[in-house]
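Student: The structure file entry30.cif (mmCIF, C-alpha atoms) is provided below.
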data_input
loop_
_atom_site.label_atom_id
_atom_site.label_comp_id
_atom_site.auth_asym_id
_atom_site.auth_seq_id
_atom_site.Cartn_x
_atom_site.Cartn_y
_atom_site.Cartn_z
CA MET U 1 -110.48 10.54 -45.61
CA TYR U 2 -109.05 10.78 -42.13
CA VAL U 3 -105.36 10.02 -41.64
CA ASP U 4 -103.99 9.46 -38.17
CA THR U 5 -100.95 11.73 -38.32
CA LYS U 6 -99.76 10.65 -34.89
CA ALA U 7 -99.78 6.99 -35.88
CA HIS U 8 -98.10 7.80 -39.20
CA GLY U 9 -95.39 9.82 -37.43
CA ALA U 10 -94.84 7.05 -34.91
CA THR U 11 -94.49 4.51 -37.72
CA ALA U 12 -91.98 6.69 -39.57
CA ALA U 13 -90.03 7.30 -36.38
CA SER U 14 -89.94 3.61 -35.60
CA ARG U 15 -88.80 2.89 -39.15
CA HIS U 16 -85.92 5.41 -38.90
CA ALA U 17 -85.04 4.68 -35.25
CA PRO U 18 -82.34 2.04 -36.03
CA ARG U 19 -80.70 4.45 -38.46
CA PHE U 20 -80.65 7.23 -35.85
CA ARG U 21 -79.37 4.88 -33.19
CA LEU U 22 -76.58 3.74 -35.54
CA ALA U 23 -75.60 7.33 -36.35
CA GLU U 24 -75.48 8.20 -32.64
CA SER U 25 -73.52 5.07 -31.72
CA ARG U 26 -70.01 5.82 -30.43
CA GLY U 27 -68.69 2.63 -32.02
CA PHE U 28 -70.06 3.57 -35.43
CA LEU U 29 -68.67 7.09 -35.19
CA GLY U 30 -65.32 5.69 -34.12
CA LEU U 31 -65.23 3.42 -37.16
CA LEU U 32 -66.25 6.32 -39.36
CA PHE U 33 -63.42 8.52 -38.08
CA MET U 34 -60.92 5.66 -38.45
CA LEU U 35 -61.89 5.03 -42.07
CA PRO U 36 -59.45 7.59 -43.62
CA ALA U 37 -56.53 6.25 -41.57
CA ALA U 38 -57.50 2.67 -42.39
CA THR U 39 -57.57 3.55 -46.09
CA VAL U 40 -54.06 5.02 -45.90
CA LEU U 41 -52.80 1.95 -44.04
CA LEU U 42 -54.32 -0.38 -46.63
CA LEU U 43 -52.76 1.56 -49.49
CA PHE U 44 -49.29 2.11 -48.05
CA LEU U 45 -48.86 -0.91 -45.74
CA ALA U 46 -51.15 -3.76 -46.74
CA TYR U 47 -50.43 -3.48 -50.47
CA PRO U 48 -46.61 -3.41 -50.11
CA LEU U 49 -46.82 -6.32 -47.66
CA GLY U 50 -48.89 -8.37 -50.08
CA LEU U 51 -46.57 -7.46 -52.94
CA GLY U 52 -43.56 -8.51 -50.87
CA VAL U 53 -45.11 -11.87 -50.06
CA TRP U 54 -45.84 -12.40 -53.76
CA LEU U 55 -42.33 -11.37 -54.86
CA GLY U 56 -40.88 -13.80 -52.32
CA MET U 57 -42.51 -16.60 -54.29
CA THR U 58 -41.11 -15.49 -57.65
CA ASP U 59 -37.70 -15.31 -59.33
CA ALA U 60 -38.15 -11.60 -60.12
CA ARG U 61 -35.01 -9.58 -60.75
CA VAL U 62 -34.37 -5.88 -61.20
CA GLY U 63 -35.45 -4.91 -64.70
CA ARG U 64 -37.65 -7.93 -65.45
CA GLY U 65 -40.71 -9.60 -64.07
CA GLY U 66 -40.51 -13.01 -62.51
CA SER U 67 -42.46 -16.22 -62.67
CA TYR U 68 -43.99 -18.09 -59.76
CA ILE U 69 -41.56 -20.57 -58.17
CA GLY U 70 -43.35 -21.34 -54.92
CA LEU U 71 -41.14 -21.73 -51.85
CA GLU U 72 -37.83 -22.16 -53.70
CA ASN U 73 -36.44 -18.88 -52.34
CA TYR U 74 -37.18 -19.99 -48.78
CA GLU U 75 -35.66 -23.43 -49.41
CA MET U 76 -32.50 -21.74 -50.66
CA LEU U 77 -32.40 -19.46 -47.60
CA TRP U 78 -32.72 -22.52 -45.34
CA THR U 79 -29.24 -23.63 -46.47
CA ASP U 80 -27.76 -20.12 -46.77
CA THR U 81 -25.14 -19.59 -44.05
CA VAL U 82 -25.06 -15.82 -44.56
CA PHE U 83 -28.83 -15.65 -44.02
CA TRP U 84 -28.60 -17.59 -40.76
CA LEU U 85 -25.70 -15.37 -39.68
CA SER U 86 -27.91 -12.34 -40.30
CA VAL U 87 -30.69 -13.93 -38.22
CA THR U 88 -28.24 -14.50 -35.35
CA ASN U 89 -26.89 -10.97 -35.68
CA THR U 90 -30.41 -9.53 -35.70
CA LEU U 91 -31.47 -11.43 -32.59
CA LEU U 92 -28.26 -10.52 -30.75
CA TYR U 93 -28.53 -6.90 -31.83
CA THR U 94 -32.19 -6.67 -30.83
CA VAL U 95 -31.94 -8.44 -27.47
CA ALA U 96 -28.73 -6.72 -26.30
CA ALA U 97 -29.80 -3.23 -27.40
CA SER U 98 -33.36 -3.58 -26.05
CA VAL U 99 -32.22 -4.80 -22.63
CA PHE U 100 -29.74 -1.96 -22.19
CA LYS U 101 -32.16 0.63 -23.56
CA PHE U 102 -34.81 -0.49 -21.08
CA ALA U 103 -32.46 -0.58 -18.08
CA LEU U 104 -30.81 2.77 -18.82
CA GLY U 105 -34.06 4.37 -19.99
CA LEU U 106 -35.87 3.33 -16.81
CA TRP U 107 -33.02 4.63 -14.66
CA LEU U 108 -33.02 7.94 -16.55
CA ALA U 109 -36.82 8.23 -16.26
CA LEU U 110 -36.68 7.68 -12.50
CA LEU U 111 -33.94 10.31 -12.26
CA LEU U 112 -35.84 12.89 -14.32
CA ASN U 113 -39.00 12.24 -12.30
CA HIS U 114 -37.37 13.82 -9.26
CA HIS U 115 -37.39 17.55 -8.58
CA LEU U 116 -34.16 18.57 -10.28
CA PRO U 117 -32.91 22.06 -11.17
CA PHE U 118 -33.35 22.89 -14.86
CA LYS U 119 -35.54 19.81 -15.23
CA ALA U 120 -37.21 21.01 -18.46
CA PHE U 121 -33.83 21.78 -20.00
CA LEU U 122 -32.48 18.34 -19.04
CA ARG U 123 -35.49 16.62 -20.62
CA ALA U 124 -34.90 18.55 -23.85
CA ILE U 125 -31.23 17.52 -23.85
CA VAL U 126 -32.18 13.88 -23.30
CA LEU U 127 -34.36 13.96 -26.42
CA LEU U 128 -31.52 15.10 -28.71
CA PRO U 129 -30.22 11.62 -29.69
CA TRP U 130 -33.77 10.65 -30.70
CA ILE U 131 -34.43 13.85 -32.65
CA VAL U 132 -31.19 13.85 -34.67
CA PRO U 133 -31.65 12.02 -38.00
CA THR U 134 -30.31 8.48 -37.97
CA ALA U 135 -27.92 9.08 -40.87
CA LEU U 136 -26.31 12.03 -39.08
CA SER U 137 -25.97 9.99 -35.89
CA ALA U 138 -24.35 7.18 -37.85
CA ILE U 139 -21.87 9.58 -39.46
CA ALA U 140 -20.97 10.94 -36.02
CA PHE U 141 -20.37 7.41 -34.71
CA TRP U 142 -18.40 6.63 -37.85
CA TRP U 143 -15.99 9.40 -36.82
CA ILE U 144 -15.97 8.22 -33.20
CA TYR U 145 -15.07 4.68 -34.35
CA ASP U 146 -12.52 5.75 -36.97
CA PRO U 147 -9.42 3.50 -36.79
CA GLN U 148 -7.03 6.49 -37.07
CA PHE U 149 -8.86 9.44 -35.53
CA SER U 150 -11.19 7.79 -33.00
CA ILE U 151 -11.79 10.04 -30.00
CA VAL U 152 -12.49 6.94 -27.88
CA SER U 153 -9.18 5.32 -28.78
CA TRP U 154 -7.37 8.66 -28.28
CA ILE U 155 -8.76 9.00 -24.73
CA LEU U 156 -7.97 5.38 -23.84
CA VAL U 157 -4.40 5.76 -25.14
CA ARG U 158 -3.89 8.98 -23.16
CA LEU U 159 -5.18 7.24 -20.02
CA GLY U 160 -2.75 4.40 -20.60
CA LEU U 161 -5.46 1.76 -20.84
CA ILE U 162 -4.47 0.70 -24.38
CA ASP U 163 -1.27 1.06 -26.39
CA HIS U 164 -2.75 1.24 -29.90
CA TYR U 165 -5.91 2.48 -31.57
CA ILE U 166 -8.84 0.02 -31.77
CA ASN U 167 -10.25 -0.86 -35.17
CA PHE U 168 -13.86 -0.69 -33.99
CA LEU U 169 -15.53 -1.28 -37.36
CA GLY U 170 -12.83 -3.53 -38.87
CA ASP U 171 -12.94 -6.35 -36.33
CA PRO U 172 -16.11 -8.53 -36.32
CA ALA U 173 -16.51 -8.64 -32.53
CA TRP U 174 -15.79 -4.94 -32.08
CA ALA U 175 -18.07 -4.07 -34.99
CA ARG U 176 -21.03 -5.91 -33.42
CA ALA U 177 -20.47 -4.19 -30.09
CA SER U 178 -20.02 -0.80 -31.76
CA VAL U 179 -23.30 -0.85 -33.70
CA ILE U 180 -25.15 -2.06 -30.59
CA MET U 181 -23.73 0.85 -28.60
CA ALA U 182 -24.78 3.30 -31.31
CA ASN U 183 -28.32 1.91 -31.30
CA ILE U 184 -28.50 2.08 -27.50
CA TRP U 185 -27.45 5.74 -27.59
CA ARG U 186 -30.19 6.54 -30.08
CA GLY U 187 -32.94 4.51 -28.39
CA ILE U 188 -32.55 5.50 -24.72
CA PRO U 189 -34.43 8.85 -25.08
CA PHE U 190 -37.55 7.18 -26.51
CA VAL U 191 -37.70 4.68 -23.65
CA ALA U 192 -36.86 7.27 -20.97
CA ILE U 193 -39.38 9.92 -22.03
CA THR U 194 -42.18 7.38 -22.51
CA LEU U 195 -41.57 5.78 -19.11
CA LEU U 196 -41.30 9.24 -17.56
CA ALA U 197 -44.77 10.04 -18.87
CA GLY U 198 -45.99 6.80 -17.29
CA LEU U 199 -44.34 7.63 -13.96
CA GLN U 200 -46.15 10.95 -13.79
CA THR U 201 -49.53 9.22 -14.03
CA ILE U 202 -48.96 7.18 -10.85
CA PRO U 203 -51.00 8.71 -7.99
CA PRO U 204 -48.76 10.11 -5.21
CA SER U 205 -51.20 8.69 -2.67
CA LEU U 206 -49.92 5.20 -3.44
CA TYR U 207 -46.39 6.20 -2.46
CA GLU U 208 -47.68 7.96 0.65
CA ALA U 209 -49.53 4.83 1.73
CA ALA U 210 -46.43 2.72 1.08
CA VAL U 211 -44.29 5.08 3.18
CA ILE U 212 -46.81 4.92 6.02
CA ASP U 213 -46.64 1.11 5.84
CA GLY U 214 -42.86 1.33 6.21
CA ALA U 215 -41.91 0.33 2.65
CA THR U 216 -38.30 0.87 1.62
CA PRO U 217 -37.43 2.66 -1.66
CA TRP U 218 -36.83 -0.71 -3.34
CA GLN U 219 -40.16 -2.05 -2.08
CA ARG U 220 -41.95 1.08 -3.33
CA PHE U 221 -40.41 0.53 -6.74
CA ARG U 222 -41.17 -3.19 -6.77
CA PHE U 223 -44.75 -3.10 -5.48
CA VAL U 224 -45.95 0.32 -6.66
CA THR U 225 -43.89 1.76 -9.50
CA PHE U 226 -43.17 -1.34 -11.54
CA PRO U 227 -46.70 -2.85 -11.46
CA MET U 228 -48.25 0.51 -12.40
CA LEU U 229 -45.78 0.87 -15.29
CA THR U 230 -46.50 -2.60 -16.69
CA PRO U 231 -48.79 -1.42 -19.54
CA ILE U 232 -46.36 1.35 -20.53
CA ILE U 233 -43.41 -1.03 -20.39
CA ALA U 234 -45.21 -3.55 -22.59
CA VAL U 235 -45.95 -0.93 -25.24
CA VAL U 236 -42.60 0.89 -25.16
CA MET U 237 -40.58 -2.32 -25.27
CA THR U 238 -42.66 -3.64 -28.15
CA PHE U 239 -41.96 -0.51 -30.17
CA SER U 240 -38.30 -0.61 -29.11
CA VAL U 241 -37.97 -4.21 -30.28
CA LEU U 242 -39.73 -3.43 -33.57
CA PHE U 243 -37.53 -0.39 -34.25
CA THR U 244 -34.36 -2.30 -33.35
CA PHE U 245 -35.22 -5.48 -35.23
CA THR U 246 -35.97 -3.59 -38.44
CA ASP U 247 -33.04 -1.16 -38.11
CA PHE U 248 -31.42 -0.41 -41.44
CA GLN U 249 -30.00 3.12 -41.68
CA LEU U 250 -27.59 2.88 -38.75
CA ILE U 251 -26.05 -0.38 -39.94
CA TYR U 252 -25.95 0.60 -43.60
CA VAL U 253 -24.18 3.90 -42.97
CA LEU U 254 -21.70 2.51 -40.41
CA THR U 255 -20.69 -0.89 -41.81
CA ARG U 256 -22.97 -1.92 -44.72
CA GLY U 257 -23.05 -5.32 -43.06
CA GLY U 258 -19.29 -5.80 -42.77
CA PRO U 259 -16.74 -6.83 -41.88
CA LEU U 260 -17.22 -10.40 -43.14
CA ASN U 261 -21.01 -10.04 -42.80
CA ALA U 262 -20.54 -9.70 -39.03
CA THR U 263 -23.06 -6.87 -38.72
CA HIS U 264 -25.52 -7.85 -41.43
CA LEU U 265 -29.07 -7.73 -40.12
CA MET U 266 -32.00 -9.28 -41.93
CA ALA U 267 -33.06 -5.83 -43.16
CA THR U 268 -29.64 -4.94 -44.59
CA LEU U 269 -29.18 -8.38 -46.13
CA SER U 270 -32.61 -8.15 -47.74
CA PHE U 271 -31.70 -4.79 -49.27
CA GLN U 272 -28.30 -6.06 -50.45
CA ARG U 273 -29.74 -9.11 -52.16
CA ALA U 274 -32.70 -7.24 -53.70
CA ILE U 275 -31.27 -3.90 -54.92
CA PRO U 276 -27.46 -4.06 -55.41
CA GLY U 277 -27.66 -7.82 -55.98
CA GLY U 278 -30.65 -7.51 -58.32
CA ASN U 279 -32.52 -10.54 -56.93
CA LEU U 280 -35.86 -9.06 -55.88
CA GLY U 281 -37.43 -12.44 -55.11
CA GLU U 282 -34.70 -13.49 -52.69
CA GLY U 283 -34.61 -10.09 -51.03
CA ALA U 284 -38.38 -10.14 -50.57
CA ALA U 285 -38.20 -13.65 -49.09
CA ILE U 286 -35.68 -12.44 -46.48
CA ALA U 287 -37.93 -9.49 -45.63
CA VAL U 288 -40.98 -11.75 -45.29
CA SER U 289 -38.96 -14.03 -42.98
CA MET U 290 -38.88 -11.15 -40.50
CA ILE U 291 -42.67 -11.22 -40.04
CA PRO U 292 -42.84 -14.12 -37.50
CA PHE U 293 -40.37 -12.33 -35.23
CA LEU U 294 -42.30 -9.07 -35.46
CA LEU U 295 -45.59 -10.85 -34.73
CA ALA U 296 -44.00 -12.41 -31.64
CA ALA U 297 -43.11 -8.93 -30.36
CA ILE U 298 -46.65 -7.67 -30.99
CA LEU U 299 -48.17 -10.67 -29.19
CA PHE U 300 -45.86 -10.02 -26.24
CA SER U 301 -47.28 -6.52 -25.96
CA TYR U 302 -50.88 -7.74 -26.33
CA PHE U 303 -50.66 -10.39 -23.64
CA GLY U 304 -48.77 -7.99 -21.37
CA LEU U 305 -51.61 -5.50 -21.63
CA GLN U 306 -54.25 -8.21 -21.16
CA ARG U 307 -52.51 -9.38 -17.99
CA ARG U 308 -52.44 -5.86 -16.61
CA ARG U 309 -56.12 -5.34 -17.39
CA TRP U 310 -56.94 -8.58 -15.55
CA GLN U 311 -54.99 -7.32 -12.52
CA GLN U 312 -57.08 -4.16 -12.51
CA GLY U 313 -60.29 -6.18 -12.54
CA GLY U 314 -61.19 -5.62 -16.18
CA GLY U 315 -62.91 -8.23 -18.32
CA ASP U 316 -61.84 -9.78 -21.58
#
What would you get if you wrote out this structure as structure tokens?
Tutor:
Amino acid sequence: MYVDTKAHGATAASRHAPRFRLAESRGFLGLLFMLPAATVLLLFLAYPLGLGVWLGMTDARVGRGGSYIGLENYEMLWTDTVFWLSVTNTLLYTVAASVFKFALGLWLALLLNHHLPFKAFLRAIVLLPWIVPTALSAIAFWWIYDPQFSIVSWILVRLGLIDHYINFLGDPAWARASVIMANIWRGIPFVAITLLAGLQTIPPSLYEAAVIDGATPWQRFRFVTFPMLTPIIAVVMTFSVLFTFTDFQLIYVLTRGGPLNATHLMATLSFQRAIPGGNLGEGAAIAVSMIPFLLAAILFSYFGLQRRRWQQGGGD
């Protein structure tokens, strides 16, 4: 019996061709390589998020399980003045710190982008506030803001600008300003180094063409530097807002939400109600209430990047 081996081979090849094409597909390989990371994210992010949403709908307390109570925790938070104070504090803290971190970080990035002596050393020094653990930074600021031994108050008294030491962490207004300043100090290096990396990707030919056209330094920044940095700015500010909005360590070490709840953020209030207060359901509900704000920051980054891609002629 004669068997057409060529036809048989062609049939087998055609039968296995989709499988080979799938294995050689860059998209399939990308998904395959992302699978381990996706598994870790599902285990350590998706599961705790789902558990938090569930706990927010229960009356669970430390040491005992809770029963389902629906949206009662959220209804209680709606009339909780301390919760709304923490929302206001969080928004003020996030907006003020993010604006100053962006302005000072951009200025520092532009400065470091020039040909300066010891440029590598200066960049390493700039990173120090970001590298130092948050708890250690908070302890240092706790000493700086001490009502009796504050170095800031000591200098101001010696200069004759004030006649008594300032109680930075004991007065509500001063406490808000103090924690914002501490967060700005810690966050500037992240913004500066990231924007510096973006500045170094801008082709020098664009600046040369702008100089030939007679553009001033401000016009070069406005029409060349800033538009080219738009994607980097969108990403770095999104991360900055997320880090600032969810800040916990700095506030907890410095003030623990005081005085008079003046520095309580949603994260610190959630911890206080859930762990020391023992009300896991209420604490989880406060934490879940942060999600809409965080989604808004992520959407800001997404639409910022989409707009930049449209400017460059890319499709959807």
Student: Could you expand the PyMOL selection byres ((chain U and resi 55) around 10) into the explicit residues it covers here, written as a PDB file with C-alpha atoms, keeping the file's coordinate frame?
Tutor:
ATOM      1  CA  LEU U  49     -46.820  -6.320 -47.660  1.00  0.00           C
ATOM      2  CA  GLY U  50     -48.890  -8.370 -50.080  1.00  0.00           C
ATOM      3  CA  LEU U  51     -46.570  -7.460 -52.940  1.00  0.00           C
ATOM      4  CA  GLY U  52     -43.560  -8.510 -50.870  1.00  0.00           C
ATOM      5  CA  VAL U  53     -45.110 -11.870 -50.060  1.00  0.00           C
ATOM      6  CA  TRP U  54     -45.840 -12.400 -53.760  1.00  0.00           C
ATOM      7  CA  GLY U  56     -40.880 -13.800 -52.320  1.00  0.00           C
ATOM      8  CA  MET U  57     -42.510 -16.600 -54.290  1.00  0.00           C
ATOM      9  CA  THR U  58     -41.110 -15.490 -57.650  1.00  0.00           C
ATOM     10  CA  ASP U  59     -37.700 -15.310 -59.330  1.00  0.00           C
ATOM     11  CA  ALA U  60     -38.150 -11.600 -60.120  1.00  0.00           C
ATOM     12  CA  ARG U  61     -35.010  -9.580 -60.750  1.00  0.00           C
ATOM     13  CA  GLY U  65     -40.710  -9.600 -64.070  1.00  0.00           C
ATOM     14  CA  GLY U  66     -40.510 -13.010 -62.510  1.00  0.00           C
ATOM     15  CA  SER U  67     -42.460 -16.220 -62.670  1.00  0.00           C
ATOM     16  CA  TYR U  68     -43.990 -18.090 -59.760  1.00  0.00           C
ATOM     17  CA  ILE U  69     -41.560 -20.570 -58.170  1.00  0.00           C
ATOM     18  CA  ASN U  73     -36.440 -18.880 -52.340  1.00  0.00           C
ATOM     19  CA  LEU U 280     -35.860  -9.060 -55.880  1.00  0.00           C
ATOM     20  CA  GLY U 281     -37.430 -12.440 -55.110  1.00  0.00           C
ATOM     21  CA  GLU U 282     -34.700 -13.490 -52.690  1.00  0.00           C
ATOM     22  CA  GLY U 283     -34.610 -10.090 -51.030  1.00  0.00           C
ATOM     23  CA  ALA U 284     -38.380 -10.140 -50.570  1.00  0.00           C
ATOM     24  CA  ALA U 285     -38.200 -13.650 -49.090  1.00  0.00           C
ATOM     25  CA  VAL U 288     -40.980 -11.750 -45.290  1.00  0.00           C
TER      26      VAL U 288
END
Student: Near segment 235-241 of chain U, counting all atoms listed in the file, which residues have an atom at most 6 Å away, once you skip same-chain residues fewer than 4 positions from it, shown as a list in words?
Tutor: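 Using all atoms listed in the file, the neighbours found are Phe245, Ala297 and Ser301 of chain U.
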Student: Rounded to one decimal in Å, what is the spacing between atom CA of Gln249 of chain U and atom CA of Asn279 of chain U?
Tutor: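 Going from atom CA of Gln249 of chain U over to atom CA of Asn279 of chain U covers 20.6 Å.
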Student: What gap, in Å, lies between atom CA of Leu110 of chain U and atom CA of Phe300 of chain U?
Tutor: 24.2 Å
Student: As an exercise, work out the distance from atom CA of Glu75 of chain U to atom CA of Asn261 of chain U in Å and give it to one decimal place.
Tutor: 20.9 Å
Student: Would you list the residues near (-32.5, 13.5, -23.3), meaning any protein, DNA or RNA residue with an atom at most 12 Å from that point in file coordinates, counting only C-alpha atoms, as a PyMOL selection string?
Tutor: chain U and resi 104-105+108-109+111-112+119-132+185-194+196
Student: Counting all atoms listed in the file, note down every residue that has an atom within 12 Å of the point (-27.6, -15.1, -37.7) (file coordinates), as a PyMOL selection string.
Tutor: chain U and resi 77-78+80-94+261-266+269
Student: Can you translate the PyMOL selection byres ((chain U and resi 138) around 9) into the concrete residues it hits in this file, as JSON, numbers by chain?
Tutor: {"U": [133, 134, 135, 136, 137, 139, 140, 141, 142, 143, 182, 249, 250, 251, 252, 253, 254]}
Student: Please expand the PyMOL selection byres ((chain U and resi 170) around 10) into the concrete residues it hits in this file, giving the result as a VMD selection string.
Tutor: chain U and resid 145 to 147 166 to 169 171 to 175 255 258 to 260 262
